[in-house]
There are 2 protein chains.
Amino acid sequence: MRRAVTIKDVAAEAGVSLQTVSRVINDGPNVRAEVKARVNAAIAKLGYTPSLAARRMGGSRSYLLLALNDRDRTIEGWTSGEGTDWVDQMLMGGMLECARRGYRMIFELVDTHSSHVEREVAGALAALNPDGVILTPPHSDNPLITDLLERRGLPFARIGSQTPGAGFAIAMDDAEAARVAARRLIDLGHRRIGFITGSDEYALSAARLDGYADALKAHGLFDPALVTPGDFSFQSGEAGMTALLALAQPPTAVVASNDQMALAALRVANGRGLSIPQDLSIISFDDTPIVRFSHPPLTAIRQPVAAMTAQAANLLMRAKAGETDLPMGRLVPFSLIERASTGPAPA
Amino acid sequence: MRRAVTIKDVAAEAGVSLQTVSRVINDGPNVRAEVKARVNAAIAKLGYTPSLAARRMGGSRSYLLLALNDRDRTIEGWTSGEGTDWVDQMLMGGMLECARRGYRMIFELVDTHSSHVEREVAGALAALNPDGVILTPPHSDNPLITDLLERRGLPFARIGSQTPGAGFAIAMDDAEAARVAARRLIDLGHRRIGFITGSDEYALSAARLDGYADALKAHGLFDPALVTPGDFSFQSGEAGMTALLALAQPPTAVVASNDQMALAALRVANGRGLSIPQDLSIISFDDTPIVRFSHPPLTAIRQPVAAMTAQAANLLMRAKAGETDLPMGRLVPFSLIERASTGPAPA
DNA sequence: GTGAAAGCGCTAACAC
DNA sequence: GTGTTAGCGCTTTCAC
């Protein structure tokens, strides 16, 4: 069990000082091409890879990005077995982007509701010393967390948040997405279009509602009775759909603020003997894998989670590398995936 | 942006030496209860959390576990949007277990087919210095990887592998699971039971086939024509089911070695006008979220990925902590989840 | 352009 | 039981 190869071994092999090797690794200036080549050859020959821990100790970077997700909601998704595509997409976007620069992304769960969020987060920061933090809803808009990060001067990204303020705000245009969804239904001839909102804890819930309301108002179709509150859970979707169907003039189409609630709406509608999309059209938000397997498969707004996370990671790494003039916010394009849950309004 | 609080600060606050604080943190011996309490008070007061990087540098532990997954298959699952519950369940099981002991799990992708697997893995080991490595299929049985780990004397766990050898072998009893599935179908009166195998690259594929064959042979029902090769992909499932239905005496029930292939079998059967489960019963392996949303929902063997990963993490951490007499293998219980894709054999 | 020295925050080994 | 010393593998700062 031989000792690991260190920067020293490389320096000896290349016949240069330890410091020169460090310069080559870090793409630093002041190394002659010839020396650089020799060092790189030694690195390749010995199969050297710098130790993250040592780099963190010596220098000012840890090559670690910390991604924080809501504990309850994430664990609930995992145990319910309903699939948490969110985490997968974050890993894909974040991990792959990190790998391009020798970074790693560490995934951690934090309890938003807890009174000691700050302590939890501070603990993770102290243990890991990340170069940047990626916040996801609802953490993205939690001042307890964002203020802490700001005070520490630690770069961070707020995914799914469009609020101005410290940290990079990376989001899709939720309002525009809801507008697009509603407009599509209007184009299909629908005049009574219901909306099931997301949880108040998420800023994007309001944005989605606004976009929907906008689109309807533009055509004189808005009616507050068509808006029913949800909290992203299946149960709240059932309740919402039930309430909408109980209206004197029930909707012929519904936009649900996430997939679970859309699936719930589908279930309730089917239970009432309604055919989808003949009697009722449904558009959902997020487009996690499960909506492809419902009957019929749901038309949905695809939330670009992987792309948002990749953007976040990219900006954080560049910020840490000293790059300046980085955009403080980014809107990542979404798309409307038309499947079989939408059709012309009934005659 | 104040300096982080270090072990020194705690030592000063508690009026003891730095080393005593270290002893308290590490639950070491030789600290009087009174001193220990004073140190803990100082830790709480200052909100101290030890730095992982520093612990790694000074000591012999990094408090990091490395989980290695197959690159192609994982990315394919992520991009196809068909849901890779595997990763989620690993995170849930591994991360939560790690957290109990102050560990972190780092998730990494490695290309099994690449000629430089060893270099890839060695690079990750050098960078991270993990205290243990969690291997998943097909890495679990890749000698290029297991030998490397063994040479380094690094504790590792092979998930889904029952092969004896170095490293902890954590698996479910794949043969028994297949036996249970086949027996259930036999109990339902089926006499012609097909089987779609998994990829040869996975040792568990053979185990599942063996269990199935066992059960059928015990009742004199085994017929090699009923076994058709698959590779875990949807396409191979379609091909396999098509082949089975083309038999002179087609099966009235099918066991597929994973969910994708079972879903493919369902699709093909529906295409032929067969009703599930009236004309054909289907049992799948793995029980990822999607099988709950097919029509009908599939009866499936649930693979306890979270539990296996938790076990793996637990054993690795204990091994690193110097615990001895740990079991070299562990069989984690599976279960047969009966849904609507199984029923009595047609008359 | 290159090298030498100091130090990051801890733990291991040993002294007291 | 507790303190002291050395050193982990790097980067930073500064000298040449």
# chains A, B, ... in the order shown; residues from 1 in each chain; ligands from 1
>>> residues_around(residues="DG3 in chain C", least_positions_apart="5", cutoff="9 Å", atoms="only C-alpha atoms (C1' of nucleotides)", output="PyMOL selection string")
(chain A and resi 16-20) or (chain D and resi 15-16)
>>> interface_residues(of="chain A", to="chain C", cutoff="12 Å", atoms="only C-alpha atoms (C1' of nucleotides)", output="PDB file with N, CA and C atoms, in the first residue's frame")
ATOM      1  N   ALA A  11       7.437  17.194  -8.739  1.00  0.00           N
ATOM      2  CA  ALA A  11       8.526  18.177  -8.823  1.00  0.00           C
ATOM      3  C   ALA A  11       9.863  17.466  -9.004  1.00  0.00           C
ATOM      4  N   VAL A  16      11.997  20.173 -11.140  1.00  0.00           N
ATOM      5  CA  VAL A  16      11.696  21.583 -10.882  1.00  0.00           C
ATOM      6  C   VAL A  16      11.272  21.722  -9.430  1.00  0.00           C
ATOM      7  N   SER A  17      10.966  22.929  -9.038  1.00  0.00           N
ATOM      8  CA  SER A  17      10.520  23.097  -7.661  1.00  0.00           C
ATOM      9  C   SER A  17       9.040  22.792  -7.570  1.00  0.00           C
ATOM     10  N   LEU A  18       8.700  22.519  -6.365  1.00  0.00           N
ATOM     11  CA  LEU A  18       7.324  22.247  -6.008  1.00  0.00           C
ATOM     12  C   LEU A  18       6.386  23.351  -6.509  1.00  0.00           C
ATOM     13  N   GLN A  19       6.838  24.540  -6.375  1.00  0.00           N
ATOM     14  CA  GLN A  19       6.046  25.696  -6.723  1.00  0.00           C
ATOM     15  C   GLN A  19       5.733  25.755  -8.220  1.00  0.00           C
ATOM     16  N   THR A  20       6.679  25.368  -8.999  1.00  0.00           N
ATOM     17  CA  THR A  20       6.464  25.392 -10.443  1.00  0.00           C
ATOM     18  C   THR A  20       5.376  24.410 -10.839  1.00  0.00           C
ATOM     19  N   VAL A  21       5.387  23.287 -10.197  1.00  0.00           N
ATOM     20  CA  VAL A  21       4.330  22.310 -10.469  1.00  0.00           C
ATOM     21  C   VAL A  21       2.973  22.915 -10.129  1.00  0.00           C
ATOM     22  N   SER A  22       2.902  23.567  -8.999  1.00  0.00           N
ATOM     23  CA  SER A  22       1.661  24.205  -8.591  1.00  0.00           C
ATOM     24  C   SER A  22       1.208  25.206  -9.652  1.00  0.00           C
ATOM     25  N   ARG A  23       2.165  25.946 -10.178  1.00  0.00           N
ATOM     26  CA  ARG A  23       1.812  26.930 -11.214  1.00  0.00           C
ATOM     27  C   ARG A  23       1.225  26.243 -12.440  1.00  0.00           C
ATOM     28  N   GLY A  28      -1.099  28.912 -13.905  1.00  0.00           N
ATOM     29  CA  GLY A  28      -0.556  30.198 -13.514  1.00  0.00           C
ATOM     30  C   GLY A  28       0.405  30.739 -14.561  1.00  0.00           C
ATOM     31  N   PRO A  29       0.751  32.012 -14.443  1.00  0.00           N
ATOM     32  CA  PRO A  29       1.664  32.638 -15.399  1.00  0.00           C
ATOM     33  C   PRO A  29       3.110  32.292 -15.033  1.00  0.00           C
ATOM     34  N   ASN A  30       3.991  32.767 -15.816  1.00  0.00           N
ATOM     35  CA  ASN A  30       5.415  32.650 -15.490  1.00  0.00           C
ATOM     36  C   ASN A  30       5.950  31.219 -15.474  1.00  0.00           C
ATOM     37  N   VAL A  31       5.555  30.459 -16.449  1.00  0.00           N
ATOM     38  CA  VAL A  31       6.192  29.159 -16.634  1.00  0.00           C
ATOM     39  C   VAL A  31       6.513  29.016 -18.117  1.00  0.00           C
ATOM     40  N   ARG A  32       7.732  28.726 -18.411  1.00  0.00           N
ATOM     41  CA  ARG A  32       8.128  28.563 -19.816  1.00  0.00           C
ATOM     42  C   ARG A  32       7.441  27.325 -20.388  1.00  0.00           C
ATOM     43  N   ALA A  33       7.082  27.410 -21.644  1.00  0.00           N
ATOM     44  CA  ALA A  33       6.371  26.312 -22.304  1.00  0.00           C
ATOM     45  C   ALA A  33       7.126  24.998 -22.149  1.00  0.00           C
ATOM     46  N   GLU A  34       8.418  25.088 -22.248  1.00  0.00           N
ATOM     47  CA  GLU A  34       9.231  23.874 -22.191  1.00  0.00           C
ATOM     48  C   GLU A  34       9.130  23.228 -20.806  1.00  0.00           C
ATOM     49  N   VAL A  35       9.215  24.043 -19.780  1.00  0.00           N
ATOM     50  CA  VAL A  35       9.114  23.535 -18.405  1.00  0.00           C
ATOM     51  C   VAL A  35       7.718  22.963 -18.167  1.00  0.00           C
ATOM     52  N   LYS A  36       6.749  23.717 -18.639  1.00  0.00           N
ATOM     53  CA  LYS A  36       5.364  23.296 -18.485  1.00  0.00           C
ATOM     54  C   LYS A  36       5.155  21.899 -19.080  1.00  0.00           C
ATOM     55  N   ALA A  53      -8.333  18.242  -0.426  1.00  0.00           N
ATOM     56  CA  ALA A  53      -8.198  18.695   0.955  1.00  0.00           C
ATOM     57  C   ALA A  53      -6.961  19.592   1.110  1.00  0.00           C
ATOM     58  N   ALA A  54      -5.883  19.185   0.494  1.00  0.00           N
ATOM     59  CA  ALA A  54      -4.656  19.971   0.606  1.00  0.00           C
ATOM     60  C   ALA A  54      -4.798  21.313  -0.096  1.00  0.00           C
ATOM     61  N   ARG A  55      -5.466  21.305  -1.224  1.00  0.00           N
ATOM     62  CA  ARG A  55      -5.653  22.563  -1.947  1.00  0.00           C
ATOM     63  C   ARG A  55      -6.484  23.509  -1.108  1.00  0.00           C
ATOM     64  N   ARG A  56      -7.492  22.943  -0.459  1.00  0.00           N
ATOM     65  CA  ARG A  56      -8.337  23.761   0.390  1.00  0.00           C
ATOM     66  C   ARG A  56      -7.527  24.334   1.560  1.00  0.00           C
ATOM     67  N   MET A  57      -6.678  23.498   2.141  1.00  0.00           N
ATOM     68  CA  MET A  57      -5.908  23.938   3.300  1.00  0.00           C
ATOM     69  C   MET A  57      -4.921  25.044   2.946  1.00  0.00           C
ATOM     70  N   GLY A  58      -4.218  24.806   1.873  1.00  0.00           N
ATOM     71  CA  GLY A  58      -3.210  25.786   1.499  1.00  0.00           C
ATOM     72  C   GLY A  58      -3.827  27.045   0.940  1.00  0.00           C
ATOM     73  N   GLY A  59      -4.715  26.850   0.001  1.00  0.00           N
ATOM     74  CA  GLY A  59      -5.203  28.001  -0.751  1.00  0.00           C
ATOM     75  C   GLY A  59      -6.525  28.534  -0.296  1.00  0.00           C
ATOM     76  N   SER A  60      -7.132  29.258  -1.172  1.00  0.00           N
ATOM     77  CA  SER A  60      -8.380  29.915  -0.807  1.00  0.00           C
ATOM     78  C   SER A  60      -9.576  29.241  -1.455  1.00  0.00           C
ATOM     79  N   ARG A  61      -9.321  28.118  -2.119  1.00  0.00           N
ATOM     80  CA  ARG A  61     -10.437  27.429  -2.764  1.00  0.00           C
ATOM     81  C   ARG A  61     -10.551  25.991  -2.297  1.00  0.00           C
ATOM     82  N   SER A  62     -11.798  25.499  -2.274  1.00  0.00           N
ATOM     83  CA  SER A  62     -12.011  24.118  -1.829  1.00  0.00           C
ATOM     84  C   SER A  62     -12.422  23.213  -2.992  1.00  0.00           C
ATOM     85  N   ALA A 126     -18.934  25.410   7.562  1.00  0.00           N
ATOM     86  CA  ALA A 126     -17.690  25.245   8.318  1.00  0.00           C
ATOM     87  C   ALA A 126     -17.027  23.920   7.972  1.00  0.00           C
ATOM     88  N   ALA A 127     -17.809  22.881   7.856  1.00  0.00           N
ATOM     89  CA  ALA A 127     -17.256  21.560   7.580  1.00  0.00           C
ATOM     90  C   ALA A 127     -16.659  21.488   6.185  1.00  0.00           C
TER      91      ALA A 127
END
>>> closest_residue(among="B:Glu97, B:Asp279, B:Asp141, B:Asp287", to="chain A", atoms="only C-alpha atoms")
B:Asp287
>>> atom_distance(atom1="CA of Val291 in chain B", atom2="CA of Glu176 in chain B")
21.3 Å
>>> interface_residues(of="chain A", to="chain B", cutoff="7 Å", atoms="only C-alpha atoms", output="list in words")
Met1, Thr49, Pro50, Ser51, Leu52, Ala53, Ala54, Arg56, Met57, Trp78, Gly81, Glu82, Gly83, Asp85, Asp88, Gln89, Ile106, Gly123, Ala126, Ala127, Leu128, Arg151, Arg152, Gly153, Pro289, Ile290, Phe293 and Ser294 of chain A
>>> interface_residues(of="chain D", to="chain B", cutoff="8 Å", atoms="only C-alpha atoms (C1' of nucleotides)", output="PyMOL selection string")
chain D and resi 1-3+7-9
>>> select_by_dssp(residues="range 29-174 of chain A", states="helix (DSSP H, G or I)", output="CSV table (one decimal) with N, CA, C and O atoms, in the first residue's frame")
chain,number,residue,atom,x,y,z
A,33,ALA,N,7.1,27.4,-21.6
A,33,ALA,CA,6.4,26.3,-22.3
A,33,ALA,C,7.1,25.0,-22.1
A,33,ALA,O,6.5,23.9,-21.9
A,34,GLU,N,8.4,25.1,-22.2
A,34,GLU,CA,9.2,23.9,-22.2
A,34,GLU,C,9.1,23.2,-20.8
A,34,GLU,O,8.9,22.0,-20.7
A,35,VAL,N,9.2,24.0,-19.8
A,35,VAL,CA,9.1,23.5,-18.4
A,35,VAL,C,7.7,23.0,-18.2
A,35,VAL,O,7.6,21.9,-17.6
A,36,LYS,N,6.7,23.7,-18.6
A,36,LYS,CA,5.4,23.3,-18.5
A,36,LYS,C,5.2,21.9,-19.1
A,36,LYS,O,4.5,21.0,-18.5
A,37,ALA,N,5.7,21.7,-20.3
A,37,ALA,CA,5.6,20.4,-20.9
A,37,ALA,C,6.2,19.3,-20.1
A,37,ALA,O,5.7,18.2,-19.9
A,38,ARG,N,7.4,19.6,-19.5
A,38,ARG,CA,8.1,18.6,-18.7
A,38,ARG,C,7.3,18.3,-17.5
A,38,ARG,O,7.1,17.1,-17.1
A,39,VAL,N,6.7,19.3,-16.9
A,39,VAL,CA,5.9,19.0,-15.7
A,39,VAL,C,4.7,18.2,-16.1
A,39,VAL,O,4.3,17.2,-15.4
A,40,ASN,N,4.0,18.6,-17.1
A,40,ASN,CA,2.8,17.8,-17.5
A,40,ASN,C,3.2,16.4,-17.8
A,40,ASN,O,2.4,15.5,-17.5
A,41,ALA,N,4.3,16.2,-18.4
A,41,ALA,CA,4.8,14.8,-18.7
A,41,ALA,C,4.9,14.0,-17.4
A,41,ALA,O,4.5,12.9,-17.3
A,42,ALA,N,5.5,14.7,-16.4
A,42,ALA,CA,5.7,14.0,-15.1
A,42,ALA,C,4.4,13.7,-14.5
A,42,ALA,O,4.2,12.6,-13.9
A,43,ILE,N,3.4,14.6,-14.6
A,43,ILE,CA,2.1,14.4,-14.0
A,43,ILE,C,1.5,13.2,-14.6
A,43,ILE,O,0.9,12.3,-13.9
A,44,ALA,N,1.5,13.2,-16.0
A,44,ALA,CA,0.9,12.0,-16.7
A,44,ALA,C,1.6,10.7,-16.3
A,44,ALA,O,1.0,9.7,-16.0
A,45,LYS,N,2.9,10.8,-16.3
A,45,LYS,CA,3.7,9.6,-16.0
A,45,LYS,C,3.3,9.0,-14.6
A,45,LYS,O,3.2,7.8,-14.4
A,46,LEU,N,3.3,9.9,-13.6
A,46,LEU,CA,3.0,9.4,-12.2
A,46,LEU,C,1.5,9.3,-11.9
A,46,LEU,O,1.1,8.7,-10.9
A,52,LEU,N,-7.8,17.5,-3.0
A,52,LEU,CA,-8.7,18.6,-2.8
A,52,LEU,C,-8.5,19.1,-1.4
A,52,LEU,O,-8.5,20.3,-1.2
A,53,ALA,N,-8.3,18.2,-0.4
A,53,ALA,CA,-8.2,18.7,1.0
A,53,ALA,C,-7.0,19.6,1.1
A,53,ALA,O,-7.0,20.6,1.7
A,54,ALA,N,-5.9,19.2,0.5
A,54,ALA,CA,-4.7,20.0,0.6
A,54,ALA,C,-4.8,21.3,-0.1
A,54,ALA,O,-4.3,22.3,0.4
A,55,ARG,N,-5.5,21.3,-1.2
A,55,ARG,CA,-5.7,22.6,-1.9
A,55,ARG,C,-6.5,23.5,-1.1
A,55,ARG,O,-6.2,24.7,-1.1
A,56,ARG,N,-7.5,22.9,-0.5
A,56,ARG,CA,-8.3,23.8,0.4
A,56,ARG,C,-7.5,24.3,1.6
A,56,ARG,O,-7.7,25.5,1.9
A,57,MET,N,-6.7,23.5,2.1
A,57,MET,CA,-5.9,23.9,3.3
A,57,MET,C,-4.9,25.0,2.9
A,57,MET,O,-4.8,26.0,3.6
A,58,GLY,N,-4.2,24.8,1.9
A,58,GLY,CA,-3.2,25.8,1.5
A,58,GLY,C,-3.8,27.0,0.9
A,58,GLY,O,-3.5,28.2,1.4
A,71,ARG,N,-35.2,19.6,3.1
A,71,ARG,CA,-35.2,18.2,3.7
A,71,ARG,C,-36.5,17.5,3.5
A,71,ARG,O,-36.6,16.4,2.9
A,72,ASP,N,-37.6,18.0,4.1
A,72,ASP,CA,-38.9,17.4,4.2
A,72,ASP,C,-39.4,17.0,2.8
A,72,ASP,O,-39.7,15.9,2.5
A,73,ARG,N,-39.3,18.0,1.9
A,73,ARG,CA,-39.9,17.7,0.6
A,73,ARG,C,-39.1,16.7,-0.2
A,73,ARG,O,-39.7,15.8,-0.9
A,74,THR,N,-37.8,16.7,-0.1
A,74,THR,CA,-37.0,15.8,-0.8
A,74,THR,C,-37.1,14.4,-0.3
A,74,THR,O,-37.3,13.4,-1.0
A,75,ILE,N,-37.1,14.2,1.0
A,75,ILE,CA,-37.3,12.9,1.6
A,75,ILE,C,-38.7,12.4,1.3
A,75,ILE,O,-38.8,11.2,1.0
A,76,GLU,N,-39.6,13.2,1.4
A,76,GLU,CA,-41.0,12.8,1.1
A,76,GLU,C,-41.1,12.3,-0.4
A,76,GLU,O,-41.7,11.3,-0.7
A,77,GLY,N,-40.4,13.0,-1.3
A,77,GLY,CA,-40.4,12.5,-2.7
A,77,GLY,C,-39.7,11.2,-2.8
A,77,GLY,O,-40.2,10.3,-3.6
A,78,TRP,N,-38.6,11.0,-2.1
A,78,TRP,CA,-37.9,9.8,-2.2
A,78,TRP,C,-38.7,8.6,-1.6
A,78,TRP,O,-38.7,7.5,-2.2
A,79,THR,N,-39.3,8.8,-0.5
A,79,THR,CA,-40.0,7.7,0.2
A,79,THR,C,-41.3,7.4,-0.5
A,79,THR,O,-41.7,6.2,-0.5
A,80,SER,N,-42.0,8.4,-1.0
A,80,SER,CA,-43.3,8.2,-1.6
A,80,SER,C,-43.1,7.3,-2.8
A,80,SER,O,-44.0,6.7,-3.3
A,85,ASP,N,-37.5,13.8,-9.7
A,85,ASP,CA,-36.7,14.0,-10.8
A,85,ASP,C,-35.8,15.3,-10.6
A,85,ASP,O,-34.7,15.4,-11.1
A,86,TRP,N,-36.3,16.1,-9.7
A,86,TRP,CA,-35.6,17.4,-9.4
A,86,TRP,C,-34.2,17.1,-9.0
A,86,TRP,O,-33.2,17.7,-9.5
A,87,VAL,N,-34.0,16.2,-8.1
A,87,VAL,CA,-32.6,15.9,-7.6
A,87,VAL,C,-31.8,15.3,-8.7
A,87,VAL,O,-30.6,15.7,-8.9
A,88,ASP,N,-32.3,14.4,-9.5
A,88,ASP,CA,-31.6,13.8,-10.6
A,88,ASP,C,-31.1,14.9,-11.6
A,88,ASP,O,-30.0,14.9,-12.0
A,89,GLN,N,-32.0,15.8,-11.9
A,89,GLN,CA,-31.7,16.8,-12.9
A,89,GLN,C,-30.7,17.8,-12.3
A,89,GLN,O,-29.8,18.2,-13.0
A,90,MET,N,-30.7,18.0,-11.0
A,90,MET,CA,-29.7,18.9,-10.4
A,90,MET,C,-28.4,18.2,-10.4
A,90,MET,O,-27.4,18.9,-10.7
A,91,LEU,N,-28.4,17.0,-10.1
A,91,LEU,CA,-27.1,16.2,-10.2
A,91,LEU,C,-26.5,16.3,-11.6
A,91,LEU,O,-25.3,16.6,-11.8
A,92,MET,N,-27.4,16.0,-12.5
A,92,MET,CA,-26.9,15.9,-13.9
A,92,MET,C,-26.3,17.3,-14.3
A,92,MET,O,-25.2,17.4,-14.8
A,93,GLY,N,-27.1,18.3,-14.1
A,93,GLY,CA,-26.6,19.6,-14.5
A,93,GLY,C,-25.4,20.1,-13.7
A,93,GLY,O,-24.4,20.5,-14.2
A,94,GLY,N,-25.5,20.0,-12.4
A,94,GLY,CA,-24.5,20.5,-11.5
A,94,GLY,C,-23.2,19.7,-11.5
A,94,GLY,O,-22.1,20.2,-11.7
A,95,MET,N,-23.3,18.4,-11.4
A,95,MET,CA,-22.2,17.5,-11.3
A,95,MET,C,-21.3,17.6,-12.6
A,95,MET,O,-20.1,17.7,-12.5
A,96,LEU,N,-22.0,17.5,-13.7
A,96,LEU,CA,-21.3,17.5,-15.0
A,96,LEU,C,-20.6,18.8,-15.2
A,96,LEU,O,-19.5,18.9,-15.7
A,97,GLU,N,-21.3,19.9,-14.8
A,97,GLU,CA,-20.7,21.2,-15.0
A,97,GLU,C,-19.5,21.4,-14.1
A,97,GLU,O,-18.4,21.9,-14.5
A,98,CYS,N,-19.6,20.9,-12.9
A,98,CYS,CA,-18.5,21.0,-11.9
A,98,CYS,C,-17.3,20.2,-12.4
A,98,CYS,O,-16.2,20.6,-12.3
A,99,ALA,N,-17.6,19.0,-13.0
A,99,ALA,CA,-16.5,18.1,-13.4
A,99,ALA,C,-15.6,18.8,-14.4
A,99,ALA,O,-14.4,18.6,-14.5
A,117,VAL,N,-32.2,26.7,11.1
A,117,VAL,CA,-31.7,26.7,9.7
A,117,VAL,C,-30.3,27.2,9.7
A,117,VAL,O,-29.4,26.7,9.1
A,118,GLU,N,-30.1,28.4,10.3
A,118,GLU,CA,-28.8,29.0,10.2
A,118,GLU,C,-27.7,28.2,10.8
A,118,GLU,O,-26.6,28.1,10.2
A,119,ARG,N,-28.0,27.5,11.9
A,119,ARG,CA,-27.0,26.7,12.5
A,119,ARG,C,-26.6,25.5,11.6
A,119,ARG,O,-25.5,25.2,11.4
A,120,GLU,N,-27.7,24.9,11.0
A,120,GLU,CA,-27.5,23.8,10.1
A,120,GLU,C,-26.6,24.2,8.9
A,120,GLU,O,-25.6,23.6,8.6
A,121,VAL,N,-27.0,25.4,8.3
A,121,VAL,CA,-26.2,25.8,7.2
A,121,VAL,C,-24.8,26.2,7.6
A,121,VAL,O,-23.8,25.8,6.9
A,122,ALA,N,-24.7,26.9,8.7
A,122,ALA,CA,-23.4,27.4,9.1
A,122,ALA,C,-22.5,26.1,9.4
A,122,ALA,O,-21.3,26.1,9.1
A,123,GLY,N,-23.1,25.1,9.9
A,123,GLY,CA,-22.3,23.9,10.2
A,123,GLY,C,-21.8,23.3,8.9
A,123,GLY,O,-20.6,22.9,8.8
A,124,ALA,N,-22.6,23.2,7.9
A,124,ALA,CA,-22.2,22.7,6.6
A,124,ALA,C,-21.1,23.5,6.0
A,124,ALA,O,-20.1,23.0,5.4
A,125,LEU,N,-21.2,24.8,6.1
A,125,LEU,CA,-20.2,25.7,5.6
A,125,LEU,C,-18.9,25.5,6.3
A,125,LEU,O,-17.8,25.5,5.6
A,126,ALA,N,-18.9,25.4,7.6
A,126,ALA,CA,-17.7,25.2,8.3
A,126,ALA,C,-17.0,23.9,8.0
A,126,ALA,O,-15.8,23.8,7.8
A,127,ALA,N,-17.8,22.9,7.9
A,127,ALA,CA,-17.3,21.6,7.6
A,127,ALA,C,-16.7,21.5,6.2
A,127,ALA,O,-15.6,20.9,6.0
A,128,LEU,N,-17.4,22.1,5.2
A,128,LEU,CA,-17.0,21.9,3.8
A,128,LEU,C,-16.2,23.0,3.2
A,128,LEU,O,-15.5,22.8,2.2
A,139,HIS,N,-35.6,27.4,-0.3
A,139,HIS,CA,-34.4,28.1,0.3
A,139,HIS,C,-34.0,29.4,-0.4
A,139,HIS,O,-33.5,30.3,0.2
A,140,SER,N,-34.2,29.3,-1.7
A,140,SER,CA,-33.8,30.5,-2.6
A,140,SER,C,-34.3,31.8,-2.1
A,140,SER,O,-33.6,32.8,-2.3
A,141,ASP,N,-35.4,31.8,-1.4
A,141,ASP,CA,-36.0,33.0,-1.0
A,141,ASP,C,-36.1,33.1,0.5
A,141,ASP,O,-36.9,33.9,1.1
A,143,PRO,N,-34.6,34.4,3.7
A,143,PRO,CA,-33.6,35.4,4.1
A,143,PRO,C,-32.6,34.9,5.2
A,143,PRO,O,-31.5,35.4,5.3
A,144,LEU,N,-33.1,34.0,6.0
A,144,LEU,CA,-32.2,33.5,7.0
A,144,LEU,C,-31.0,32.9,6.4
A,144,LEU,O,-29.9,33.0,6.9
A,145,ILE,N,-31.2,32.2,5.2
A,145,ILE,CA,-30.1,31.6,4.5
A,145,ILE,C,-29.3,32.6,3.6
A,145,ILE,O,-28.1,32.7,3.7
A,146,THR,N,-30.1,33.3,2.9
A,146,THR,CA,-29.4,34.3,1.9
A,146,THR,C,-28.6,35.3,2.7
A,146,THR,O,-27.5,35.7,2.3
A,147,ASP,N,-29.1,35.8,3.8
A,147,ASP,CA,-28.4,36.8,4.6
A,147,ASP,C,-27.1,36.3,5.1
A,147,ASP,O,-26.1,36.9,5.1
A,148,LEU,N,-27.2,35.1,5.6
A,148,LEU,CA,-26.0,34.4,6.2
A,148,LEU,C,-24.9,34.3,5.1
A,148,LEU,O,-23.8,34.7,5.3
A,149,LEU,N,-25.3,33.9,3.9
A,149,LEU,CA,-24.4,33.7,2.8
A,149,LEU,C,-23.8,35.1,2.4
A,149,LEU,O,-22.6,35.2,2.2
A,150,GLU,N,-24.7,36.1,2.4
A,150,GLU,CA,-24.2,37.4,2.0
A,150,GLU,C,-23.2,37.9,3.0
A,150,GLU,O,-22.1,38.4,2.7
A,151,ARG,N,-23.5,37.8,4.3
A,151,ARG,CA,-22.6,38.2,5.4
A,151,ARG,C,-21.2,37.6,5.2
A,151,ARG,O,-20.2,38.2,5.4
A,152,ARG,N,-21.2,36.3,4.9
A,152,ARG,CA,-20.0,35.6,4.8
A,152,ARG,C,-19.2,35.9,3.5
A,152,ARG,O,-18.1,35.5,3.3
A,174,ASP,N,-41.3,31.9,-15.0
A,174,ASP,CA,-42.5,31.2,-14.6
A,174,ASP,C,-43.7,31.9,-15.1
A,174,ASP,O,-44.7,31.2,-15.5
>>> select_by_dssp(residues="range 148-253 of chain A", states="strand (DSSP E)", output="ChimeraX atom specification")
/A:156-159,168-171,193-196,227-228,253
>>> atom_distance(atom1="CA of Leu226 in chain B", atom2="CA of Leu336 in chain B")
21.9 Å
>>> residues_around(residues="Ala243 in chain A", least_positions_apart="4", cutoff="8 Å", atoms="only C-alpha atoms (C1' of nucleotides)", output="list in words")
Thr228, Ala239 and Leu247 of chain A
>>> write_last_selection(atoms="all heavy atoms", output="short mmCIF file (atom, residue, chain, number, x, y, z; two decimals), in the first residue's frame")
data_model
loop_
_atom_site.label_atom_id
_atom_site.label_comp_id
_atom_site.auth_asym_id
_atom_site.auth_seq_id
_atom_site.Cartn_x
_atom_site.Cartn_y
_atom_site.Cartn_z
N THR A 228 -57.89 28.27 -7.64
CA THR A 228 -58.07 27.53 -6.40
C THR A 228 -56.69 27.22 -5.81
O THR A 228 -55.75 26.93 -6.54
CB THR A 228 -58.91 26.26 -6.65
OG1 THR A 228 -59.12 25.58 -5.43
CG2 THR A 228 -58.21 25.33 -7.62
N ALA A 239 -58.34 18.27 -4.03
CA ALA A 239 -59.28 19.24 -3.44
C ALA A 239 -59.54 20.38 -4.42
O ALA A 239 -60.69 20.79 -4.62
CB ALA A 239 -58.71 19.78 -2.13
N LEU A 247 -68.10 24.32 -9.39
CA LEU A 247 -68.55 25.65 -9.78
C LEU A 247 -69.81 25.56 -10.64
O LEU A 247 -70.04 24.56 -11.33
CB LEU A 247 -67.46 26.37 -10.58
CG LEU A 247 -66.19 26.78 -9.82
CD1 LEU A 247 -65.19 27.41 -10.79
CD2 LEU A 247 -66.54 27.75 -8.70
#
